[in-house]
Amino acid sequence: MSKEQVIGALEQALGSENVISKKEDLVTFSFDATPDMPNPLPDVVVTPSTTEEVVKVVKIAHENKTPLYPRGSGTNLSGGTIPLEGGIVLSTLKMDKILESDPDNLVAVVQPGVIIQELNNEVAPHGLIYPPDPGTVATATMGGSVSECSGGLRGLKYGVTKHYVMGLEVVMADGQVARFGGKTVKNVTAYDLVKLFTGAEGTLGIITEITVRLIPAPEARTAMLATFDSLEDAGNAIRGIIASKVIPATLEIMDQVTIKTVENFSKIGLPTDKRAVLLIEVDGIPEVVENEAEKVVKVVTENKGELKKAKDDKEREGLWAARRAALPALAQLKPTTVLEDATVPRSKITEMLMFLEEIAEKYNLDIGTFGHAGDGNLHPTILTDVRNKEEMERVHKAVDEIFKKALELGGTLSGEHGIGMAKSKFLEWELGESGMDVLKKIKNALDPEGILNPGKMVSK
Ligand SMILES: Cc1cc2nc3c(=O)[nH]c(=O)nc-3n(C[C@H](O)[C@H](O)[C@H](O)COP(=O)(O)OP(=O)(O)OC[C@H]3O[C@@H](n4cnc5c(N)ncnc54)[C@H](O)[C@@H]3O)c2cc1C
């Protein structure tokens, strides 16, 4: 079929109100939150509401070997939704139903277009939470965050998305519907395909239903702000907190560039003269929270830091709003923000922080670093301008060095933002030739025509 015939077939299958093909409407779907990417237009965008409609779209794509790009809210930071080869973008935003909230079994079942925060709003009256909370919790979809295996601020204690996905319904590349896992806590039936599709970045199938685990909301919590005159002291305090057997729900860092920028942006009284701040929250039953907070105070003081506890919910929310403002605040300074998420073992955080300062100096770049320090997941953010070709060359060299260093320190290319287009060229550094071979075999077996999100993570 020609492109026009494919669009006609999609209109017939879904109704023309669910098919977008005007050029001006397609522009929105040519980019996501990732900078420095090509922005090709898709030929068409479809907005199915049900699994049956997704099946119809996939069958049309399969029969015509048309590239198919699943898309949630487009907030990913690895070029995951860019329609590199034109074709069809499948937006899940109309698949936005919470199908079941089941407090007795501590699970919920959702369509992929449900926004993460909406799930939390739904289960909160039952005293439950769904812990994965990327900075985009109020905008990102469940389907997108499962496909990226998103982490977030609570990853240190509560883990990341893959620790909460119990079951999936997936439309495979040929249009078959497969279901894996379910509501039971224990399930060792066959391969763990739930994990395979979690983090597959839309390259192996389209997720149409997600069953997730919920947990009781913590009874009490204490948020703290620790300030330091040196990055080394802050790094040592992070190690010290974990070594004292306290696993905070959140342990975040902001360097001085980020502190100054966030303060300028949100005026909440952050100490701009300090080299680093840690935002720490311990939660659980009140006695444990009190005890853990005391241990944190001790470690921070031993590492020459000063500590302030949030005295009420308002102050606590102010601290977290400041942390969530880190990226938007940095993004105001220059037209382009190149944000990485190379991750190192916790014991290597100090070394990585110092290395990032060296890299900023070596390549004469503005780098603000913040991130989930407690799990070694730093977000060095290079402030630049894609139109400045000479500076972009230095940016690319700096990024190469950051990834090399992370791997050298026993870390990984991505703690939570995925591989997409942005990091596929580095993948072999981490996986080696044989690891890449396994990846390609899985991709070829499940998507032999290579129609699902081509050009991302691993090519056919
Ligand atoms: C300001 C900011 C802060 C962020 N903070 C964090 C953070 O703290 N932690 C973190 O982990 N991430 C973070 N992110 C990255 C991003 O928000 C997450 O990856 C997010 O969960 C993606 O959700 P989405 O709905 O936007 O997915 P999209 O960007 O639309 O899609 C992401 C990927 O999933 C695929 N996909 C989408 N839906 C489906 C589906 N139904 N089936 C199969 N594949 C699908 C897409 O093809 C793409 O490859 C941040 C991003 C921004 C811009």
# chains A, B, ... in the order shown; residues from 1 in each chain; ligands from 1
>>> residues_around(residues="stretch 127-138 of chain A", least_positions_apart="5", cutoff="6 Å", atoms="only C-alpha atoms", output="list of chain:residue names")
A:Ile116, A:Gln117, A:Asn120, A:Gly151, A:Gly152, A:Val160, A:Thr161, A:Leu214, A:Ile215, A:Pro216, A:Ala217, A:Arg324
>>> write_last_selection(atoms="N, CA, C and O atoms", output="PDB file, in the first residue's frame")
ATOM      1  N   ILE A 116       0.991   8.730  35.755  1.00  0.00           N
ATOM      2  CA  ILE A 116       1.425   8.078  37.010  1.00  0.00           C
ATOM      3  C   ILE A 116       0.734   8.708  38.235  1.00  0.00           C
ATOM      4  O   ILE A 116       0.233   8.000  39.115  1.00  0.00           O
ATOM      5  N   GLN A 117       0.701  10.042  38.268  1.00  0.00           N
ATOM      6  CA  GLN A 117       0.107  10.730  39.427  1.00  0.00           C
ATOM      7  C   GLN A 117      -1.371  10.365  39.593  1.00  0.00           C
ATOM      8  O   GLN A 117      -1.873  10.253  40.712  1.00  0.00           O
ATOM      9  N   ASN A 120      -1.715   7.296  41.520  1.00  0.00           N
ATOM     10  CA  ASN A 120      -1.490   7.568  42.940  1.00  0.00           C
ATOM     11  C   ASN A 120      -2.694   8.252  43.583  1.00  0.00           C
ATOM     12  O   ASN A 120      -3.066   7.937  44.715  1.00  0.00           O
ATOM     13  N   GLY A 151      12.863   5.395  36.940  1.00  0.00           N
ATOM     14  CA  GLY A 151      13.194   5.394  38.363  1.00  0.00           C
ATOM     15  C   GLY A 151      12.568   6.621  38.988  1.00  0.00           C
ATOM     16  O   GLY A 151      11.392   6.868  38.831  1.00  0.00           O
ATOM     17  N   GLY A 152      13.409   7.405  39.666  1.00  0.00           N
ATOM     18  CA  GLY A 152      12.884   8.626  40.268  1.00  0.00           C
ATOM     19  C   GLY A 152      13.456   8.848  41.633  1.00  0.00           C
ATOM     20  O   GLY A 152      14.455   8.236  42.029  1.00  0.00           O
ATOM     21  N   VAL A 160      12.695   0.647  41.426  1.00  0.00           N
ATOM     22  CA  VAL A 160      12.262   1.347  40.223  1.00  0.00           C
ATOM     23  C   VAL A 160      11.066   0.615  39.615  1.00  0.00           C
ATOM     24  O   VAL A 160      10.555  -0.355  40.185  1.00  0.00           O
ATOM     25  N   THR A 161      10.638   1.074  38.442  1.00  0.00           N
ATOM     26  CA  THR A 161       9.381   0.573  37.879  1.00  0.00           C
ATOM     27  C   THR A 161       9.334  -0.952  37.793  1.00  0.00           C
ATOM     28  O   THR A 161       8.315  -1.570  38.108  1.00  0.00           O
ATOM     29  N   LEU A 214       1.057  -2.336  44.580  1.00  0.00           N
ATOM     30  CA  LEU A 214       0.964  -1.126  45.399  1.00  0.00           C
ATOM     31  C   LEU A 214       1.501  -1.458  46.786  1.00  0.00           C
ATOM     32  O   LEU A 214       1.521  -2.632  47.177  1.00  0.00           O
ATOM     33  N   ILE A 215       1.923  -0.432  47.509  1.00  0.00           N
ATOM     34  CA  ILE A 215       2.382  -0.702  48.879  1.00  0.00           C
ATOM     35  C   ILE A 215       1.723   0.295  49.849  1.00  0.00           C
ATOM     36  O   ILE A 215       1.272   1.359  49.418  1.00  0.00           O
ATOM     37  N   PRO A 216       1.686  -0.055  51.138  1.00  0.00           N
ATOM     38  CA  PRO A 216       1.100   0.891  52.094  1.00  0.00           C
ATOM     39  C   PRO A 216       1.914   2.189  52.140  1.00  0.00           C
ATOM     40  O   PRO A 216       3.148   2.146  52.097  1.00  0.00           O
ATOM     41  N   ALA A 217       1.216   3.305  52.233  1.00  0.00           N
ATOM     42  CA  ALA A 217       1.910   4.595  52.344  1.00  0.00           C
ATOM     43  C   ALA A 217       2.636   4.638  53.690  1.00  0.00           C
ATOM     44  O   ALA A 217       2.108   4.137  54.692  1.00  0.00           O
ATOM     45  N   ARG A 324      12.611  19.127  42.226  1.00  0.00           N
ATOM     46  CA  ARG A 324      11.946  18.869  40.940  1.00  0.00           C
ATOM     47  C   ARG A 324      12.164  20.030  39.969  1.00  0.00           C
ATOM     48  O   ARG A 324      12.046  19.865  38.754  1.00  0.00           O
TER      49      ARG A 324
END
>>> residues_around(residues="stretch 64-73 of chain A", least_positions_apart="5", cutoff="7 Å", atoms="only C-alpha atoms", output="list in words")
Met1, Thr81, Pro83, Glu85, Gly87, Ile88, Val89, Leu90, Ser91, Thr92, Leu93, Gly113, Thr139, Ala140, Thr141, Gly143, Gly144, Gly202, Ile206, Glu449, Ile451, Leu452, Asn453 and Pro454 of chain A
>>> write_last_selection(atoms="C-alpha atoms", output="PDB file, in the first residue's frame")
ATOM      1  CA  MET A   1       0.000   0.000   0.000  1.00  0.00           C
ATOM      2  CA  THR A  81       9.717   8.406  20.478  1.00  0.00           C
ATOM      3  CA  PRO A  83       9.726   8.744  14.300  1.00  0.00           C
ATOM      4  CA  GLU A  85      11.753   6.623   9.496  1.00  0.00           C
ATOM      5  CA  GLY A  87       5.549   5.825   9.450  1.00  0.00           C
ATOM      6  CA  ILE A  88       2.933   5.618  12.216  1.00  0.00           C
ATOM      7  CA  VAL A  89       3.097   7.130  15.703  1.00  0.00           C
ATOM      8  CA  LEU A  90       0.745   5.284  18.052  1.00  0.00           C
ATOM      9  CA  SER A  91      -0.232   7.656  20.847  1.00  0.00           C
ATOM     10  CA  THR A  92      -1.611   5.953  23.957  1.00  0.00           C
ATOM     11  CA  LEU A  93      -3.077   9.117  25.451  1.00  0.00           C
ATOM     12  CA  GLY A 113      -2.048   6.131  28.826  1.00  0.00           C
ATOM     13  CA  THR A 139       2.816  14.184  33.044  1.00  0.00           C
ATOM     14  CA  ALA A 140       4.406  10.832  32.141  1.00  0.00           C
ATOM     15  CA  THR A 141       2.247   7.829  31.267  1.00  0.00           C
ATOM     16  CA  GLY A 143       3.091   2.835  29.421  1.00  0.00           C
ATOM     17  CA  GLY A 144       6.008   5.189  28.771  1.00  0.00           C
ATOM     18  CA  GLY A 202       8.712   0.017  22.560  1.00  0.00           C
ATOM     19  CA  ILE A 206       3.031  -2.413  22.349  1.00  0.00           C
ATOM     20  CA  GLU A 449      10.496  -7.128  10.116  1.00  0.00           C
ATOM     21  CA  ILE A 451       8.814  -2.341  12.415  1.00  0.00           C
ATOM     22  CA  LEU A 452       8.683  -1.574  16.144  1.00  0.00           C
ATOM     23  CA  ASN A 453      10.426   1.676  17.060  1.00  0.00           C
ATOM     24  CA  PRO A 454      13.231   1.190  14.509  1.00  0.00           C
TER      25      PRO A 454
END
>>> residues_around(residues="A:Ser16", least_positions_apart="5", cutoff="12 Å", atoms="only C-alpha atoms", output="number ranges by chain")
A: 7-11, 21-22, 44-48
>>> write_last_selection(atoms="N, CA and C atoms", output="PDB file, in the first residue's frame")
ATOM      1  N   ILE A   7      -2.896   5.338   5.391  1.00  0.00           N
ATOM      2  CA  ILE A   7      -3.684   6.298   6.186  1.00  0.00           C
ATOM      3  C   ILE A   7      -5.184   5.988   6.021  1.00  0.00           C
ATOM      4  N   GLY A   8      -5.583   5.688   4.793  1.00  0.00           N
ATOM      5  CA  GLY A   8      -6.989   5.342   4.540  1.00  0.00           C
ATOM      6  C   GLY A   8      -7.395   4.101   5.325  1.00  0.00           C
ATOM      7  N   ALA A   9      -6.529   3.091   5.326  1.00  0.00           N
ATOM      8  CA  ALA A   9      -6.843   1.849   6.059  1.00  0.00           C
ATOM      9  C   ALA A   9      -6.955   2.128   7.557  1.00  0.00           C
ATOM     10  N   LEU A  10      -6.091   3.003   8.065  1.00  0.00           N
ATOM     11  CA  LEU A  10      -6.139   3.338   9.499  1.00  0.00           C
ATOM     12  C   LEU A  10      -7.433   4.083   9.820  1.00  0.00           C
ATOM     13  N   GLU A  11      -7.836   4.982   8.918  1.00  0.00           N
ATOM     14  CA  GLU A  11      -9.082   5.735   9.147  1.00  0.00           C
ATOM     15  C   GLU A  11     -10.279   4.789   9.162  1.00  0.00           C
ATOM     16  N   SER A  21      -3.318  13.392  10.300  1.00  0.00           N
ATOM     17  CA  SER A  21      -2.358  13.341   9.197  1.00  0.00           C
ATOM     18  C   SER A  21      -2.056  14.707   8.591  1.00  0.00           C
ATOM     19  N   LYS A  22      -2.630  15.781   9.197  1.00  0.00           N
ATOM     20  CA  LYS A  22      -2.303  17.120   8.681  1.00  0.00           C
ATOM     21  C   LYS A  22      -0.901  17.477   9.144  1.00  0.00           C
ATOM     22  N   VAL A  44       1.737   9.696   9.887  1.00  0.00           N
ATOM     23  CA  VAL A  44       0.403   9.694  10.476  1.00  0.00           C
ATOM     24  C   VAL A  44       0.504   9.362  11.973  1.00  0.00           C
ATOM     25  N   VAL A  45      -0.466   9.866  12.735  1.00  0.00           N
ATOM     26  CA  VAL A  45      -0.539   9.552  14.177  1.00  0.00           C
ATOM     27  C   VAL A  45      -1.900   8.925  14.432  1.00  0.00           C
ATOM     28  N   VAL A  46      -1.921   7.840  15.214  1.00  0.00           N
ATOM     29  CA  VAL A  46      -3.208   7.234  15.559  1.00  0.00           C
ATOM     30  C   VAL A  46      -3.403   7.285  17.066  1.00  0.00           C
ATOM     31  N   THR A  47      -4.666   7.388  17.479  1.00  0.00           N
ATOM     32  CA  THR A  47      -4.969   7.496  18.911  1.00  0.00           C
ATOM     33  C   THR A  47      -6.012   6.444  19.304  1.00  0.00           C
ATOM     34  N   PRO A  48      -5.601   5.175  19.363  1.00  0.00           N
ATOM     35  CA  PRO A  48      -6.554   4.119  19.742  1.00  0.00           C
ATOM     36  C   PRO A  48      -6.974   4.243  21.206  1.00  0.00           C
TER      37      PRO A  48
END
>>> select_by_dssp(residues="stretch 258-366 of chain A", states="strand (DSSP E or B)", output="ChimeraX atom specification")
/A:276-284,306-309,336-339,343,366
>>> write_last_selection(atoms="all heavy atoms", output="compact mmCIF listing (two decimals), in the first residue's frame")
# COMPACT_ATOMS: atom_id res chain seq x y z
N ALA A 276 27.57 22.05 47.77
CA ALA A 276 26.62 20.96 47.49
C ALA A 276 25.56 20.91 48.58
O ALA A 276 25.82 21.26 49.73
CB ALA A 276 27.34 19.63 47.44
N VAL A 277 24.35 20.52 48.18
CA VAL A 277 23.34 20.20 49.20
C VAL A 277 22.84 18.78 48.97
O VAL A 277 22.84 18.28 47.84
CB VAL A 277 22.12 21.16 49.18
CG1 VAL A 277 22.51 22.59 49.43
CG2 VAL A 277 21.30 21.03 47.92
N LEU A 278 22.45 18.14 50.06
CA LEU A 278 21.78 16.85 49.97
C LEU A 278 20.35 17.04 50.49
O LEU A 278 20.15 17.72 51.51
CB LEU A 278 22.46 15.80 50.84
CG LEU A 278 23.90 15.42 50.49
CD1 LEU A 278 24.38 14.32 51.46
CD2 LEU A 278 24.02 14.93 49.06
N LEU A 279 19.40 16.50 49.76
CA LEU A 279 18.01 16.49 50.22
C LEU A 279 17.72 15.06 50.63
O LEU A 279 17.86 14.14 49.82
CB LEU A 279 17.08 16.92 49.09
CG LEU A 279 17.32 18.33 48.56
CD1 LEU A 279 16.66 18.53 47.22
CD2 LEU A 279 16.78 19.34 49.55
N ILE A 280 17.36 14.90 51.89
CA ILE A 280 17.24 13.54 52.42
C ILE A 280 15.85 13.37 53.04
O ILE A 280 15.38 14.26 53.76
CB ILE A 280 18.29 13.31 53.54
CG1 ILE A 280 19.68 13.71 53.03
CG2 ILE A 280 18.29 11.86 54.03
CD1 ILE A 280 20.64 14.12 54.12
N GLU A 281 15.23 12.23 52.76
CA GLU A 281 13.96 11.96 53.44
C GLU A 281 13.98 10.52 53.95
O GLU A 281 14.28 9.59 53.19
CB GLU A 281 12.76 12.17 52.51
CG GLU A 281 11.44 11.93 53.23
CD GLU A 281 10.26 12.52 52.46
OE1 GLU A 281 10.18 13.75 52.32
OE2 GLU A 281 9.43 11.72 52.00
N VAL A 282 13.68 10.37 55.25
CA VAL A 282 13.52 9.03 55.80
C VAL A 282 12.03 8.84 56.10
O VAL A 282 11.34 9.78 56.47
CB VAL A 282 14.37 8.81 57.09
CG1 VAL A 282 15.83 8.69 56.75
CG2 VAL A 282 14.17 9.94 58.10
N ASP A 283 11.55 7.62 55.88
CA ASP A 283 10.13 7.39 56.14
C ASP A 283 9.91 6.01 56.73
O ASP A 283 10.81 5.17 56.75
CB ASP A 283 9.30 7.62 54.86
CG ASP A 283 9.52 6.56 53.80
OD1 ASP A 283 10.26 5.59 54.05
OD2 ASP A 283 8.95 6.70 52.70
N GLY A 284 8.70 5.78 57.26
CA GLY A 284 8.38 4.48 57.86
C GLY A 284 7.52 4.68 59.08
O GLY A 284 6.78 5.67 59.18
N GLU A 306 26.09 20.90 57.48
CA GLU A 306 25.09 21.47 58.40
C GLU A 306 23.74 20.94 57.98
O GLU A 306 23.46 20.82 56.78
CB GLU A 306 25.07 22.99 58.28
CG GLU A 306 26.28 23.65 58.91
CD GLU A 306 26.37 25.12 58.51
OE1 GLU A 306 25.31 25.75 58.30
OE2 GLU A 306 27.50 25.59 58.38
N LEU A 307 22.87 20.65 58.97
CA LEU A 307 21.61 20.02 58.61
C LEU A 307 20.40 20.75 59.19
O LEU A 307 20.44 21.21 60.33
CB LEU A 307 21.63 18.57 59.10
CG LEU A 307 20.44 17.75 58.61
CD1 LEU A 307 20.91 16.42 58.06
CD2 LEU A 307 19.45 17.54 59.72
N LYS A 308 19.38 20.85 58.35
CA LYS A 308 18.14 21.49 58.80
C LYS A 308 16.98 20.55 58.49
O LYS A 308 16.90 20.01 57.36
CB LYS A 308 17.97 22.79 58.00
CG LYS A 308 17.00 23.77 58.57
CD LYS A 308 16.95 25.03 57.70
CE LYS A 308 15.50 25.43 57.57
NZ LYS A 308 15.16 26.11 56.38
N LYS A 309 16.11 20.32 59.49
CA LYS A 309 14.95 19.44 59.23
C LYS A 309 13.76 20.30 58.78
O LYS A 309 13.57 21.39 59.32
CB LYS A 309 14.54 18.71 60.52
CG LYS A 309 15.43 17.57 60.86
CD LYS A 309 14.84 16.80 62.04
CE LYS A 309 15.91 15.88 62.61
NZ LYS A 309 15.62 15.36 63.92
N THR A 336 19.88 24.86 25.11
CA THR A 336 19.89 23.39 25.07
C THR A 336 20.47 22.81 26.35
O THR A 336 21.51 23.26 26.83
CB THR A 336 20.76 22.90 23.88
OG1 THR A 336 20.36 23.61 22.72
CG2 THR A 336 20.62 21.41 23.65
N THR A 337 19.76 21.80 26.90
CA THR A 337 20.32 21.10 28.07
C THR A 337 20.53 19.64 27.71
O THR A 337 19.59 18.94 27.35
CB THR A 337 19.33 21.14 29.26
OG1 THR A 337 18.03 20.93 28.75
CG2 THR A 337 19.37 22.40 30.02
N VAL A 338 21.78 19.21 27.76
CA VAL A 338 22.09 17.81 27.47
C VAL A 338 22.25 17.11 28.81
O VAL A 338 23.20 17.35 29.54
CB VAL A 338 23.38 17.69 26.62
CG1 VAL A 338 23.77 16.23 26.43
CG2 VAL A 338 23.20 18.39 25.28
N LEU A 339 21.25 16.28 29.14
CA LEU A 339 21.21 15.68 30.47
C LEU A 339 21.53 14.20 30.39
O LEU A 339 20.91 13.48 29.62
CB LEU A 339 19.81 15.90 31.04
CG LEU A 339 19.49 15.30 32.39
CD1 LEU A 339 18.67 16.27 33.20
CD2 LEU A 339 18.69 14.02 32.23
N THR A 343 25.46 6.06 35.64
CA THR A 343 25.26 5.70 37.04
C THR A 343 26.44 4.87 37.54
O THR A 343 26.94 4.01 36.80
CB THR A 343 23.94 4.91 37.15
OG1 THR A 343 22.91 5.76 36.65
CG2 THR A 343 23.61 4.50 38.56
N ASP A 366 29.57 24.56 30.79
CA ASP A 366 28.78 24.75 32.02
C ASP A 366 28.05 23.44 32.30
O ASP A 366 27.21 23.02 31.51
CB ASP A 366 27.73 25.85 31.82
CG ASP A 366 28.38 27.21 31.63
OD1 ASP A 366 29.41 27.45 32.28
OD2 ASP A 366 27.86 28.01 30.83
>>> atom_distance(atom1="atom CA of A:Lys311", atom2="atom CA of A:Pro125")
24.9 Å
>>> closest_residue(among="A:Ala234, A:Ala342, A:Val171, A:Ala223", to="A:Ala249", atoms="only C-alpha atoms")
A:Ala223
>>> closest_residue(among="A:Ile247, A:Val165, A:Leu225, A:Ala178", to="A:Gly205", atoms="only C-alpha atoms")
A:Ala178
>>> select_by_dssp(residues="stretch 188-239 of chain A", states="helix (DSSP H, G or I)", output="mmCIF file with all heavy atoms, in the first residue's frame")
data_model
loop_
_atom_site.group_PDB
_atom_site.id
_atom_site.type_symbol
_atom_site.label_atom_id
_atom_site.label_comp_id
_atom_site.auth_asym_id
_atom_site.auth_seq_id
_atom_site.Cartn_x
_atom_site.Cartn_y
_atom_site.Cartn_z
ATOM 1 N N LEU A 193 8.943 -12.765 31.258
ATOM 2 C CA LEU A 193 8.736 -11.876 30.110
ATOM 3 C C LEU A 193 8.200 -10.509 30.520
ATOM 4 O O LEU A 193 8.325 -9.533 29.785
ATOM 5 C CB LEU A 193 7.832 -12.553 29.079
ATOM 6 C CG LEU A 193 8.508 -13.800 28.471
ATOM 7 C CD1 LEU A 193 7.547 -14.575 27.582
ATOM 8 C CD2 LEU A 193 9.756 -13.450 27.695
ATOM 9 N N VAL A 194 7.635 -10.436 31.737
ATOM 10 C CA VAL A 194 7.209 -9.121 32.236
ATOM 11 C C VAL A 194 8.436 -8.209 32.310
ATOM 12 O O VAL A 194 8.418 -7.054 31.880
ATOM 13 C CB VAL A 194 6.537 -9.256 33.619
ATOM 14 C CG1 VAL A 194 6.263 -7.887 34.223
ATOM 15 C CG2 VAL A 194 5.241 -10.051 33.500
ATOM 16 N N LYS A 195 9.527 -8.768 32.830
ATOM 17 C CA LYS A 195 10.766 -7.971 32.948
ATOM 18 C C LYS A 195 11.339 -7.648 31.572
ATOM 19 O O LYS A 195 11.897 -6.580 31.360
ATOM 20 C CB LYS A 195 11.804 -8.720 33.779
ATOM 21 C CG LYS A 195 11.521 -8.709 35.266
ATOM 22 C CD LYS A 195 12.549 -7.840 35.986
ATOM 23 C CE LYS A 195 12.272 -7.614 37.451
ATOM 24 N NZ LYS A 195 11.589 -8.607 38.205
ATOM 25 N N LEU A 196 11.209 -8.583 30.630
ATOM 26 C CA LEU A 196 11.764 -8.336 29.291
ATOM 27 C C LEU A 196 11.098 -7.118 28.639
ATOM 28 O O LEU A 196 11.761 -6.270 28.047
ATOM 29 C CB LEU A 196 11.597 -9.566 28.391
ATOM 30 C CG LEU A 196 12.092 -9.396 26.949
ATOM 31 C CD1 LEU A 196 13.599 -9.188 26.912
ATOM 32 C CD2 LEU A 196 11.714 -10.598 26.092
ATOM 33 N N PHE A 197 9.765 -7.031 28.786
ATOM 34 C CA PHE A 197 9.052 -5.927 28.133
ATOM 35 C C PHE A 197 9.143 -4.634 28.948
ATOM 36 O O PHE A 197 8.935 -3.551 28.410
ATOM 37 C CB PHE A 197 7.582 -6.307 27.875
ATOM 38 C CG PHE A 197 7.458 -7.265 26.719
ATOM 39 C CD1 PHE A 197 7.473 -8.640 26.914
ATOM 40 C CD2 PHE A 197 7.380 -6.789 25.423
ATOM 41 C CE1 PHE A 197 7.392 -9.521 25.846
ATOM 42 C CE2 PHE A 197 7.300 -7.653 24.341
ATOM 43 C CZ PHE A 197 7.308 -9.031 24.557
ATOM 44 N N LEU A 231 32.402 19.187 47.676
ATOM 45 C CA LEU A 231 31.718 18.052 47.047
ATOM 46 C C LEU A 231 32.163 16.743 47.684
ATOM 47 O O LEU A 231 31.383 15.802 47.831
ATOM 48 C CB LEU A 231 32.099 18.002 45.559
ATOM 49 C CG LEU A 231 31.242 18.774 44.575
ATOM 50 C CD1 LEU A 231 31.768 18.564 43.170
ATOM 51 C CD2 LEU A 231 29.776 18.345 44.652
ATOM 52 N N GLU A 232 33.440 16.730 48.057
ATOM 53 C CA GLU A 232 33.983 15.511 48.649
ATOM 54 C C GLU A 232 33.257 15.168 49.956
ATOM 55 O O GLU A 232 32.892 14.011 50.190
ATOM 56 C CB GLU A 232 35.472 15.726 48.919
ATOM 57 C CG GLU A 232 36.236 14.459 48.859
ATOM 58 C CD GLU A 232 37.727 14.702 48.925
ATOM 59 O OE1 GLU A 232 38.177 15.856 48.752
ATOM 60 O OE2 GLU A 232 38.430 13.716 49.164
ATOM 61 N N ASP A 233 33.036 16.194 50.786
ATOM 62 C CA ASP A 233 32.320 15.955 52.057
ATOM 63 C C ASP A 233 30.904 15.441 51.781
ATOM 64 O O ASP A 233 30.416 14.531 52.455
ATOM 65 C CB ASP A 233 32.242 17.248 52.882
ATOM 66 C CG ASP A 233 33.600 17.661 53.424
ATOM 67 O OD1 ASP A 233 34.482 16.779 53.525
ATOM 68 O OD2 ASP A 233 33.782 18.859 53.716
ATOM 69 N N ALA A 234 30.266 16.049 50.761
ATOM 70 C CA ALA A 234 28.894 15.608 50.436
ATOM 71 C C ALA A 234 28.920 14.149 49.983
ATOM 72 O O ALA A 234 28.096 13.331 50.425
ATOM 73 C CB ALA A 234 28.307 16.494 49.341
ATOM 74 N N GLY A 235 29.872 13.809 49.125
ATOM 75 C CA GLY A 235 29.997 12.430 48.634
ATOM 76 C C GLY A 235 30.244 11.463 49.788
ATOM 77 O O GLY A 235 29.648 10.380 49.855
ATOM 78 N N ASN A 236 31.119 11.879 50.714
ATOM 79 C CA ASN A 236 31.413 10.997 51.853
ATOM 80 C C ASN A 236 30.187 10.841 52.760
ATOM 81 O O ASN A 236 29.961 9.770 53.333
ATOM 82 C CB ASN A 236 32.599 11.540 52.653
ATOM 83 C CG ASN A 236 33.877 11.410 51.853
ATOM 84 O OD1 ASN A 236 33.960 10.570 50.938
ATOM 85 N ND2 ASN A 236 34.863 12.234 52.146
ATOM 86 N N ALA A 237 29.403 11.908 52.875
ATOM 87 C CA ALA A 237 28.189 11.822 53.712
ATOM 88 C C ALA A 237 27.198 10.824 53.089
ATOM 89 O O ALA A 237 26.570 10.040 53.814
ATOM 90 C CB ALA A 237 27.551 13.197 53.857
ATOM 91 N N ILE A 238 27.089 10.834 51.757
ATOM 92 C CA ILE A 238 26.169 9.882 51.089
ATOM 93 C C ILE A 238 26.589 8.455 51.451
ATOM 94 O O ILE A 238 25.781 7.631 51.877
ATOM 95 C CB ILE A 238 26.214 10.081 49.551
ATOM 96 C CG1 ILE A 238 25.662 11.453 49.175
ATOM 97 C CG2 ILE A 238 25.440 8.974 48.827
ATOM 98 C CD1 ILE A 238 25.988 11.894 47.753
ATOM 99 N N ARG A 239 27.889 8.205 51.282
ATOM 100 C CA ARG A 239 28.396 6.854 51.614
ATOM 101 C C ARG A 239 28.154 6.535 53.081
ATOM 102 O O ARG A 239 27.747 5.436 53.448
ATOM 103 C CB ARG A 239 29.898 6.793 51.337
ATOM 104 C CG ARG A 239 30.226 6.740 49.876
ATOM 105 C CD ARG A 239 31.473 5.922 49.613
ATOM 106 N NE ARG A 239 32.519 6.119 50.602
ATOM 107 C CZ ARG A 239 33.725 6.603 50.312
ATOM 108 N NH1 ARG A 239 34.015 6.927 49.074
ATOM 109 N NH2 ARG A 239 34.645 6.734 51.241
#
>>> residues_around(residues="A:Leu365", least_positions_apart="6", cutoff="9 Å", atoms="only C-alpha atoms", output="VMD selection string")
chain A and resid 359 382 to 384 391 394 to 395 398
>>> closest_residue(among="A:Glu416, A:Glu428, A:Asp437, A:Glu169", to="A:Ser145", atoms="only C-alpha atoms")
A:Glu416
>>> atom_distance(atom1="atom CA of A:Gly182", atom2="atom CA of A:Gly420")
27.7 Å
>>> closest_residue(among="A:Glu357, A:Glu100, A:Asp375, A:Asp192", to="A:Leu156", atoms="only C-alpha atoms")
A:Asp375
>>> atom_distance(atom1="atom CA of A:Ala325", atom2="atom CA of A:Pro380")
14.9 Å
>>> closest_residue(among="A:His126, A:Lys94, A:His62, A:His163", to="A:Gln176", atoms="only C-alpha atoms")
A:His62
>>> residues_around(residues="A:Ala445", least_positions_apart="2", cutoff="12 Å", atoms="only C-alpha atoms", output="PyMOL selection string")
chain A and resi 172-174+203-205+438-443+447-450+460
>>> write_last_selection(atoms="C-alpha atoms", output="compact mmCIF listing (two decimals), in the first residue's frame")
# COMPACT_ATOMS: atom_id res chain seq x y z
CA MET A 172 3.22 -8.25 19.46
CA ALA A 173 4.71 -7.08 16.12
CA ASP A 174 2.39 -9.37 14.12
CA THR A 203 11.09 -2.12 20.48
CA LEU A 204 9.48 -5.52 21.20
CA GLY A 205 5.72 -4.93 21.46
CA VAL A 438 21.89 -11.72 22.40
CA LEU A 439 20.03 -8.39 22.23
CA LYS A 440 19.81 -8.59 18.43
CA LYS A 441 18.58 -12.20 18.56
CA ILE A 442 15.75 -11.20 20.91
CA LYS A 443 14.82 -8.23 18.70
CA ASP A 447 10.09 -8.22 15.58
CA PRO A 448 11.55 -9.93 12.49
CA GLU A 449 10.50 -7.13 10.12
CA GLY A 450 11.99 -4.48 12.42
CA LYS A 460 17.53 -5.50 13.51
